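Student: Shown below is the structure under consideration.
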Amino acid sequence: MEASKHRAVQRVRHELRRREVVVTEVTQVGANFVSVTFRDDSLADFVSLSFDDHVKFMIPDGSGELARRDYTPRRYDTQSRELTIEFALHGEGAASDWARRARPGDSATIGGPRGSMIIPLDYDWHLLVGDATALPAIRRRLEELPASAQVIVVAAAAEGDHLELASPAKLQQYWVADEDELIAVVRALALPAGEGFAWGAGEAGAMRRLRDVLGAEKAVPKEAMRVSAYWKKGVADHHENLD
Ligand SMILES: Cc1cc2nc3c(=O)[nH]c(=O)nc-3n(C[C@H](O)[C@H](O)[C@H](O)COP(=O)(O)OP(=O)(O)OC[C@H]3O[C@@H](n4cnc5c(N)ncnc54)[C@H](O)[C@@H]3O)c2cc1C
């Protein structure tokens, strides 16, 4: 695949803001997935320009400190001053435990986004790969892509967490159970012709493997790829860009 002559990821910085927000709605959207909507007047000027932005979600950790975790602004509305985050629930962790118990009226602090990496919409194709933690970003991207776009999603999640993937774009989707299958499906993909962009997010080890397959086997150039570790087995609050 040739490097782009005209398409480039654009980095935009935002003024860092902290907002105290209150839960207005909690919806169980999957077996291990909770959608939480927050409201506060300070969200009137909330800005999130890219589907893979993140906010710092801050809640008391029980020992007088604040636990800080990264979450995707899944949806926001500056008119109604609302922000929705979708939490993948897992074994144990400050944020996951908080989300499992979240009720309207609960409060939290949200910082950022600090910046956005804007990936052009007009690639010939888009590949979106990830585990449950990447689903909010993938679902947001799918809603934002135009009808002219061609998108392939490869997602690993428990069966009860196969959230709806809806997009105006032409969508090809693969659901798998675990990271080995995720890598196997990507490896077996025949990527469409033309210039594309590959995006991936999930557990650190899986994402390292994904980056290697995309680069070495699929010849996706570095500048047409963004792969991030959204968490790491055995480590709290891990975030790393791998490309
Ligand atoms: C840019 C970015 C955007 C993200 N967006 C989202 C999002 O929209 N929704 C979302 O659910 N997550 C998202 N994540 C992932 C989320 O930040 C991590 O899963 C985070 O570690 C969860 O915090 P915690 O307090 O629940 O667990 P932690 O205290 O951080 O970790 C406790 C233990 O749980 C393990 N662990 C952490 N996450 C998982 C998991 N998902 N599955 C299994 N074990 C886990 C850790 O390895 C550790 O051993 C995002 C991460 C990044 C970097």
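Going by the structure tokens order, chains are called A, B, ..., each with residues numbered from 1, while ligands are numbered from 1 in the order shown.
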Where does DSSP see helix (DSSP H, G or I) in region 70-209 of chain A, if you list the residues as a ChimeraX atom specification?
Tutor: /A:94-101,132-144,159-161,179-188,204-209
Student: If the limit is 7 Å from any atom of ligand 1, counting only C-alpha atoms and all ligand atoms, which residues qualify? Return them as a ChimeraX atom specification.
Tutor: /A:52-54,69-74,85-97,132-134,136-137,229-240
Student: Using only C-alpha atoms, find the one residue out of A:Ala190, A:Ala204, A:Val29, A:Ile110 that sits nearest to Leu135 (chain A).
Tutor: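 Of A:Ala190, A:Ala204, A:Val29, A:Ile110, the one nearest Leu135 (chain A), counting only C-alpha atoms, is A:Val29.
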Student: Choose the residue, out of A:Ala155, A:Leu121, A:Val55, A:Leu210, that has the smallest atom-to-atom separation from Asp178 (chain A); count only C-alpha atoms.
Tutor: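 Once distances to Asp178 (chain A) are computed over only C-alpha atoms, the minimum belongs to A:Ala155.
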Student: Neighbours of Thr37 (chain A) within 7 Å (only C-alpha atoms; same-chain residues fewer than 5 positions away dropped), as a list in words?
Tutor: Val23, Thr24, Glu25, Val26, Glu82, Leu83, Thr84 and Ile85 of chain A
Student: Report the distance between CA of Ala177 (chain A) and CA of Arg68 (chain A) in Å, rounded to one decimal place.
Tutor: 28.6 Å
Student: Extract the full set of strand (DSSP E) residues from region 100-143 of chain A according to DSSP on the backbone, and format it as a VMD selection string.
Tutor: chain A and resid 107 to 111 115 to 118 125 to 130
Student: Just write the chosen residues, all heavy atoms, as a short mmCIF file (atom, residue, chain, number, x, y, z; two decimals), in the first residue's frame.
Tutor:
data_model
loop_
_atom_site.label_atom_id
_atom_site.label_comp_id
_atom_site.auth_asym_id
_atom_site.auth_seq_id
_atom_site.Cartn_x
_atom_site.Cartn_y
_atom_site.Cartn_z
N SER A 107 -22.10 11.50 41.51
CA SER A 107 -21.26 12.52 40.87
C SER A 107 -19.88 11.98 40.52
O SER A 107 -19.45 10.95 41.06
CB SER A 107 -21.15 13.75 41.77
OG SER A 107 -20.66 13.36 43.02
N ALA A 108 -19.22 12.66 39.60
CA ALA A 108 -17.87 12.27 39.16
C ALA A 108 -17.21 13.52 38.59
O ALA A 108 -17.88 14.54 38.34
CB ALA A 108 -17.95 11.18 38.09
N THR A 109 -15.91 13.44 38.40
CA THR A 109 -15.18 14.55 37.79
C THR A 109 -14.61 14.08 36.46
O THR A 109 -14.14 12.94 36.36
CB THR A 109 -14.04 15.02 38.71
OG1 THR A 109 -14.60 15.37 39.97
CG2 THR A 109 -13.30 16.21 38.13
N ILE A 110 -14.69 14.96 35.47
CA ILE A 110 -14.20 14.60 34.14
C ILE A 110 -13.20 15.65 33.67
O ILE A 110 -13.48 16.86 33.74
CB ILE A 110 -15.39 14.46 33.17
CG1 ILE A 110 -16.02 13.08 33.40
CG2 ILE A 110 -14.97 14.61 31.72
CD1 ILE A 110 -17.36 12.91 32.84
N GLY A 111 -12.04 15.23 33.24
CA GLY A 111 -11.02 16.15 32.73
C GLY A 111 -10.80 15.93 31.24
O GLY A 111 -10.80 14.80 30.78
N GLY A 115 -6.83 16.69 23.84
CA GLY A 115 -6.57 16.88 22.42
C GLY A 115 -7.29 15.83 21.60
O GLY A 115 -7.88 14.90 22.15
N SER A 116 -7.25 16.02 20.29
CA SER A 116 -7.91 15.07 19.38
C SER A 116 -6.95 14.74 18.23
O SER A 116 -6.24 15.62 17.75
CB SER A 116 -9.17 15.69 18.77
OG SER A 116 -10.05 16.15 19.77
N MET A 117 -6.96 13.50 17.83
CA MET A 117 -6.24 13.09 16.64
C MET A 117 -7.31 12.84 15.57
O MET A 117 -8.05 11.85 15.66
CB MET A 117 -5.45 11.80 16.89
CG MET A 117 -4.38 11.95 17.94
SD MET A 117 -3.01 12.96 17.38
CE MET A 117 -2.06 11.73 16.52
N ILE A 118 -7.39 13.72 14.61
CA ILE A 118 -8.49 13.62 13.64
C ILE A 118 -8.03 12.80 12.44
O ILE A 118 -7.12 13.19 11.71
CB ILE A 118 -8.96 15.01 13.20
CG1 ILE A 118 -9.41 15.77 14.46
CG2 ILE A 118 -10.08 14.92 12.18
CD1 ILE A 118 -9.74 17.22 14.21
N TRP A 125 -10.89 2.90 2.50
CA TRP A 125 -11.46 1.95 3.45
C TRP A 125 -10.93 2.24 4.86
O TRP A 125 -9.89 2.90 5.02
CB TRP A 125 -11.15 0.49 3.05
CG TRP A 125 -9.69 0.20 2.78
CD1 TRP A 125 -9.08 0.22 1.57
CD2 TRP A 125 -8.68 -0.14 3.74
NE1 TRP A 125 -7.75 -0.08 1.71
CE2 TRP A 125 -7.47 -0.32 3.03
CE3 TRP A 125 -8.68 -0.33 5.12
CZ2 TRP A 125 -6.27 -0.67 3.65
CZ3 TRP A 125 -7.48 -0.67 5.75
CH2 TRP A 125 -6.30 -0.84 5.02
N HIS A 126 -11.67 1.75 5.84
CA HIS A 126 -11.31 1.93 7.25
C HIS A 126 -11.36 0.56 7.91
O HIS A 126 -12.33 -0.18 7.71
CB HIS A 126 -12.30 2.84 7.96
CG HIS A 126 -12.43 4.20 7.34
ND1 HIS A 126 -11.80 5.31 7.83
CD2 HIS A 126 -13.09 4.61 6.23
CE1 HIS A 126 -12.08 6.36 7.06
NE2 HIS A 126 -12.87 5.95 6.08
N LEU A 127 -10.35 0.25 8.70
CA LEU A 127 -10.36 -0.98 9.48
C LEU A 127 -10.37 -0.59 10.96
O LEU A 127 -9.54 0.21 11.40
CB LEU A 127 -9.11 -1.81 9.16
CG LEU A 127 -8.90 -3.08 10.00
CD1 LEU A 127 -10.01 -4.09 9.76
CD2 LEU A 127 -7.53 -3.71 9.69
N LEU A 128 -11.35 -1.12 11.70
CA LEU A 128 -11.47 -0.83 13.13
C LEU A 128 -11.41 -2.15 13.88
O LEU A 128 -12.24 -3.03 13.66
CB LEU A 128 -12.80 -0.13 13.42
CG LEU A 128 -13.10 1.16 12.62
CD1 LEU A 128 -14.54 1.61 12.86
CD2 LEU A 128 -12.13 2.27 13.03
N VAL A 129 -10.42 -2.29 14.76
CA VAL A 129 -10.20 -3.56 15.45
C VAL A 129 -10.13 -3.30 16.95
O VAL A 129 -9.47 -2.34 17.38
CB VAL A 129 -8.86 -4.20 15.00
CG1 VAL A 129 -8.66 -5.57 15.65
CG2 VAL A 129 -8.80 -4.33 13.48
N GLY A 130 -10.76 -4.16 17.75
CA GLY A 130 -10.60 -3.94 19.19
C GLY A 130 -11.39 -4.89 20.04
O GLY A 130 -12.17 -5.72 19.55
#
Student: Hey, what's within 6 Å of region 170-174 of chain A if we count only C-alpha atoms and toss same-chain stuff fewer than 3 positions away? As a list in words, please?
Tutor: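 Surrounding residues, per the criterion: Gln150, Val151, Ile152, Val153 and Val154 of chain A.
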Student: List the neighbours of Asp40 (chain A) out to 7 Å using only C-alpha atoms; skip same-chain residues closer than 4 positions along the sequence, and give me the result as a PyMOL selection string.
Tutor: chain A and resi 21-22+81-82
Student: So that I have them on file, write out the residues from the current selection with N, CA, C and O atoms, as a short mmCIF file (atom, residue, chain, number, x, y, z; two decimals), in the first residue's frame.
Tutor:
data_model
loop_
_atom_site.label_atom_id
_atom_site.label_comp_id
_atom_site.auth_asym_id
_atom_site.auth_seq_id
_atom_site.Cartn_x
_atom_site.Cartn_y
_atom_site.Cartn_z
N VAL A 21 -19.61 16.49 37.17
CA VAL A 21 -20.83 16.09 36.46
C VAL A 21 -21.68 15.15 37.32
O VAL A 21 -21.17 14.52 38.25
N VAL A 22 -22.95 15.09 37.00
CA VAL A 22 -23.90 14.27 37.77
C VAL A 22 -24.58 13.26 36.85
O VAL A 22 -24.97 13.60 35.74
N ARG A 81 -26.35 19.67 27.36
CA ARG A 81 -25.24 19.61 28.34
C ARG A 81 -25.05 18.21 28.90
O ARG A 81 -24.93 18.02 30.11
N GLU A 82 -25.05 17.24 28.00
CA GLU A 82 -24.93 15.84 28.43
C GLU A 82 -23.74 15.15 27.76
O GLU A 82 -23.38 15.47 26.62
#
Student: Kindly indicate which residue among A:Ser35, A:Ala206, A:Asn241, A:Phe51 lies nearest to Ala184 (chain A), using only C-alpha atoms for the distances.
Tutor: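 Residue with the minimum atom-to-atom distance to Ala184 (chain A): A:Ala206.
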Student: Using only C-alpha atoms, find each residue in region 61-148 of chain A having at least one atom no more than 9 Å away from region 157-167 of chain A; report its shortest atom-to-atom pair and that distance in Å (one decimal), rows by chain then rising number, as a Markdown table.
Tutor:
| residue | atom | partner | partner_atom | distance |
| --- | --- | --- | --- | --- |
| A:Ala88 | CA | A:Asp161 | CA | 8.9 |
| A:Gly130 | CA | A:Ala157 | CA | 8.9 |
| A:Asp131 | CA | A:Ala157 | CA | 5.9 |
| A:Ala132 | CA | A:Ala157 | CA | 5.4 |
| A:Leu135 | CA | A:Leu163 | CA | 7.9 |
| A:Ile138 | CA | A:Leu165 | CA | 8.3 |
| A:Arg139 | CA | A:Leu165 | CA | 6.0 |
| A:Arg141 | CA | A:Ser167 | CA | 8.5 |
| A:Leu142 | CA | A:Ser167 | CA | 4.8 |
| A:Glu143 | CA | A:Ser167 | CA | 5.0 |
| A:Glu144 | CA | A:Ser167 | CA | 7.7 |
| A:Leu145 | CA | A:Ser167 | CA | 7.0 |
| A:Pro146 | CA | A:Ser167 | CA | 8.2 |
| A:Ala147 | CA | A:Ser167 | CA | 7.8 |
Student: Store the residues picked out above in a file with C-alpha atoms, as a PDB file, in the first residue's frame.
Tutor:
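Listing of out_2.pdb after writing:
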ATOM      1  CA  ALA A  88     -17.099  -2.316  29.881  1.00  0.00           C
ATOM      2  CA  GLY A 130     -10.599  -3.943  19.187  1.00  0.00           C
ATOM      3  CA  ASP A 131     -11.945  -5.556  22.323  1.00  0.00           C
ATOM      4  CA  ALA A 132     -14.839  -4.426  24.521  1.00  0.00           C
ATOM      5  CA  LEU A 135     -16.412  -0.652  21.261  1.00  0.00           C
ATOM      6  CA  ILE A 138     -15.754   1.982  17.192  1.00  0.00           C
ATOM      7  CA  ARG A 139     -19.489   2.641  17.557  1.00  0.00           C
ATOM      8  CA  ARG A 141     -16.682   6.174  14.431  1.00  0.00           C
ATOM      9  CA  LEU A 142     -19.285   4.059  12.642  1.00  0.00           C
ATOM     10  CA  GLU A 143     -21.918   6.739  13.241  1.00  0.00           C
ATOM     11  CA  GLU A 144     -19.556   9.463  11.965  1.00  0.00           C
ATOM     12  CA  LEU A 145     -18.392   7.778   8.734  1.00  0.00           C
ATOM     13  CA  PRO A 146     -20.202   8.883   5.563  1.00  0.00           C
ATOM     14  CA  ALA A 147     -22.314   6.567   3.396  1.00  0.00           C
TER      15      ALA A 147
END
Student: To one decimal place in Å, what is the distance between CA of Ile59 (chain A) and CA of Arg39 (chain A)?
Tutor: 15.7 Å
